[in-house]
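Engineer: Before anything else, here's the structure in question.
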Amino acid sequence: MRSPKGFAALDGVWLEERPLQRQALDGMRGSYYNHGMSIESALQGLRLEPRLMRNVVHWVYLAPRPAQHGPFPDGLDDRLRIALGARGLEALYTHQTLAVTAALRGEHVAVVTPAASGKTLCYNLPVLQRLLADPGARALFLYPTKALAQDQRAELNDLIQALGIPLPCGVYDGDTPSSQRGRIRDAARIVLSNPDMLHAGILPQHTRWATFFANLRAVVIDEMHVYRGVFGSHVANVLRRLRRICRFYGSDPQFILASATIANPDELAERLVEAPVTVIGPEQDGAPQGEKHVLFYNPPLLDPALGIRRSSSLEAAGLAAHFLEHDVQTIIFARTRLTTELILSHLRETEPGRDPAESHDRHQPSAIRHQPLNRKWTTSPSWTR
């Protein structure tokens, strides 16, 4: 079997292979597998495989699209322009320009564009602009998971470091040591947290946070699409309490929301913040996109009378194996860690010509090797304090 360059299965957990000794496997490979294998040959092999193709109910090809750029908004602080230039950013994508411009006008903004389109800059720039203009201003960033807050703090610190101006920011969640909480509460210009901690650990202690709430100028809500249904109604109530406390201390913060593409972003955003929101939608996205093949795959029927189909986890493992055979780095998304581990086990067990112990050694969940301070992995689709 052709050795894959990489494999990952994600539900808050990356699963990746260890380095392979390729030379020892050359004699085991058929003439069909060669070093030129790629995603194109994998897709062609899929088209020629009746067992798989009979389950593909729809196949869509999306052509690549170049980036569409816009100018820096008028009024953007020169220090931010210089900091962006130092990081190699000489222009913004069109949706970033529109979002930052609307935010600088003081509007509540919801940015709803695909993943990896640069939504972080859409709220980092106007928030930093506000903090640079007002030395006493504060900002609150809310994320659904602690791991995401840690990641975004690193991104934010990089931009602040490029500015060369001290703007302390800190993560305030259930893992924050008690010895650091007071310092973050009193000194941090930007506090990164999650709705649960806001509800249980910040709002009930609002007298201790009086200075923060009195100077709160911006609230960022990332991953807005998570806050739907009953869970979303709870978060909306927490945000209502937040606004009420801000009014008590004399502030009226601006809300900037970011979301994956959803059907009704304006309705969801306005229900969360209970105010008109300017939506920057996917049709205004200026980020570049590579070519994509989107396949709708339906597991085969095992019992047509009862409508019982083969396990989607087993089918996912089979599809992953197909791409791995063609040397394509592959990621599997699963809802739970248990499903992730089952898929991984199935891939290890079905790998032909491989000693099970060696296969087990090649594919290890790297999350087990991560230290808590480096990455707070979440293994549940729900957020946690």
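Chains: A, B, ... in order of the structure tokens. Residues: from 1 per chain. Ligands: from 1, in order shown.
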Would you mind listing what lies within 8 Å of range 113-121 of chain A as JSON, numbers by chain, with only C-alpha atoms counted and same-chain residues fewer than 5 positions away left out?
Structural biologist: {"A": [96, 258, 259, 260, 261, 280, 281, 282, 285, 286, 287, 288]}
Engineer: Here is a test: counting only C-alpha atoms, which residue of A:His95, A:Arg337, A:Arg47, A:Arg65 is nearest to Val279 in chain A?
Structural biologist: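 Looking only at the distances to Val279 in chain A, the closest residue turns out to be A:His95.
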Engineer: With only C-alpha atoms as the atoms that count, which of A:Ala321, A:Leu98, A:Ile343, A:Val294 lies nearest to Ala63 in chain A?
Structural biologist: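 Ranking A:Ala321, A:Leu98, A:Ile343, A:Val294 by distance to Ala63 in chain A, first place goes to A:Val294.
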Engineer: Which parts of range 150-324 of chain A does DSSP call strand (DSSP E) when run on the backbone here, written out as a PyMOL selection string?
Structural biologist: chain A and resi 169-171+190-193+216-221+254-259+278-280+292-297+301-303+308-309
Engineer: Quick one: residues within 8 Å of range 78-81 of chain A, only C-alpha atoms, excluding same-chain residues fewer than 5 positions away - as a ChimeraX atom specification?
Structural biologist: /A:72,125,129,163
Engineer: Only C-alpha atoms, please: the residues just picked out, written as a CSV table (one decimal), in the first residue's frame.
Structural biologist:
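The resulting file, out-v3.csv, is shown below:
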```
chain,number,residue,atom,x,y,z
A,72,PHE,CA,-7.7,50.4,3.7
A,125,LEU,CA,-8.8,46.2,13.2
A,129,GLN,CA,-8.6,51.4,16.3
A,163,LEU,CA,2.0,47.8,16.6
```
Engineer: Report the residues of range 208-261 of chain A whose backbone DSSP state falls under alpha helix (DSSP H), written as a PyMOL selection string.
Structural biologist: chain A and resi 210-214+229-248
Engineer: So which one's closest to Gly290 in chain A, A:Pro64, A:Ala139, A:Asp252, A:Arg310? Using only C-alpha atoms, please.
Structural biologist: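 Ranked by minimum distance to Gly290 in chain A, first place goes to A:Pro64.
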Engineer: List the neighbours of Thr207 in chain A out to 12 Å using only C-alpha atoms; skip same-chain residues closer than 6 positions along the sequence, and give me the result as a ChimeraX atom specification.
Structural biologist: /A:185-186,201,213-214,245-246,248-249
Engineer: Please dump the current selection as a compact mmCIF listing (two decimals), in the first residue's frame; keep C-alpha atoms.
Structural biologist:
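Printed below is again.txt as written:
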```txt
# COMPACT_ATOMS: atom_id res chain seq x y z
CA ARG A 185 -9.81 42.18 35.41
CA ASP A 186 -8.09 45.44 36.35
CA GLY A 201 -17.91 34.33 36.62
CA PHE A 213 -17.91 47.74 32.12
CA ALA A 214 -17.84 51.54 32.37
CA ILE A 245 -25.06 46.11 33.19
CA CYS A 246 -23.19 48.25 30.66
CA PHE A 248 -25.92 50.80 34.46
CA TYR A 249 -22.25 51.80 34.31
```
Engineer: Could you tell me how far CA of Leu156 in chain A sits from CA of Leu272 in chain A, in Å to one decimal place?
Structural biologist: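 We find that CA of Leu272 in chain A and CA of Leu156 in chain A lie 24.6 Å from each other.
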Engineer: Using only C-alpha atoms, determine which residues lie at most 12 Å from Arg247 in chain A, disregarding the query and same-chain residues fewer than 3 positions distant; provide the list as a list in words.
Structural biologist: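 The filter keeps Ala210, Phe213, Ala214, Asn215, Leu216, Arg217, Arg240, Arg241, Leu242, Arg243, Arg244, Gly250, Ser251, Asp252 and Pro253 of chain A.
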Engineer: Which polymer residues have any atom within 12 Å of an atom of Gln161 in chain A, counting only C-alpha atoms, with same-chain residues fewer than 4 positions away left out, as a PyMOL selection string?
Structural biologist: chain A and resi 79-80+82-84+86-87+153-157+165-169
Engineer: Okay, now the selection with C-alpha atoms, as a PDB file, in the first residue's frame?
Structural biologist:
```pdb
ATOM      1  CA  ARG A  79      -0.064  52.681  13.035  1.00  0.00           C
ATOM      2  CA  LEU A  80      -2.373  49.829  12.061  1.00  0.00           C
ATOM      3  CA  ILE A  82       2.197  50.120   9.206  1.00  0.00           C
ATOM      4  CA  ALA A  83       1.726  47.056  11.434  1.00  0.00           C
ATOM      5  CA  LEU A  84      -0.177  45.265   8.672  1.00  0.00           C
ATOM      6  CA  ALA A  86       5.160  44.781   8.430  1.00  0.00           C
ATOM      7  CA  ARG A  87       3.258  41.477   8.289  1.00  0.00           C
ATOM      8  CA  ARG A 153      -5.104  35.551  21.758  1.00  0.00           C
ATOM      9  CA  ALA A 154      -1.930  34.425  20.001  1.00  0.00           C
ATOM     10  CA  GLU A 155      -3.101  36.004  16.737  1.00  0.00           C
ATOM     11  CA  LEU A 156      -4.078  39.198  18.525  1.00  0.00           C
ATOM     12  CA  ASN A 157      -0.757  39.390  20.387  1.00  0.00           C
ATOM     13  CA  ILE A 165       2.256  49.662  21.680  1.00  0.00           C
ATOM     14  CA  PRO A 166       1.400  47.984  24.988  1.00  0.00           C
ATOM     15  CA  LEU A 167      -2.221  46.813  24.819  1.00  0.00           C
ATOM     16  CA  PRO A 168      -2.495  44.066  27.445  1.00  0.00           C
ATOM     17  CA  CYS A 169      -4.971  41.306  26.706  1.00  0.00           C
TER      18      CYS A 169
END
```
Engineer: Please list as a PyMOL selection string every residue within 10 Å of Thr339 in chain A, counting only C-alpha atoms and excluding residues in the same chain fewer than 4 positions away.
Structural biologist: chain A and resi 9+11+313-314+333-335+343-345
Engineer: When you draw a straight line from CA of Tyr297 in chain A to CA of Glu341 in chain A, how long is it in Å?
Structural biologist: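 Pair CA of Tyr297 in chain A / CA of Glu341 in chain A returns 21.5 Å.
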Engineer: Could you state the separation of CA of Thr145 in chain A and CA of Ala218 in chain A in Å, given to one decimal place?
Structural biologist: 19.7 Å
Engineer: Go through A:Pro204, A:Gly75, A:Gly164, A:Gly174 and flag the residue nearest Val238 in chain A, using only C-alpha atoms for the distances.
Structural biologist: A:Pro204
Engineer: My list of candidates is A:Arg105, A:His69, A:Arg181, A:Arg189. Which is closest to Ala137 in chain A when distances are computed with only C-alpha atoms?
Structural biologist: A:Arg189
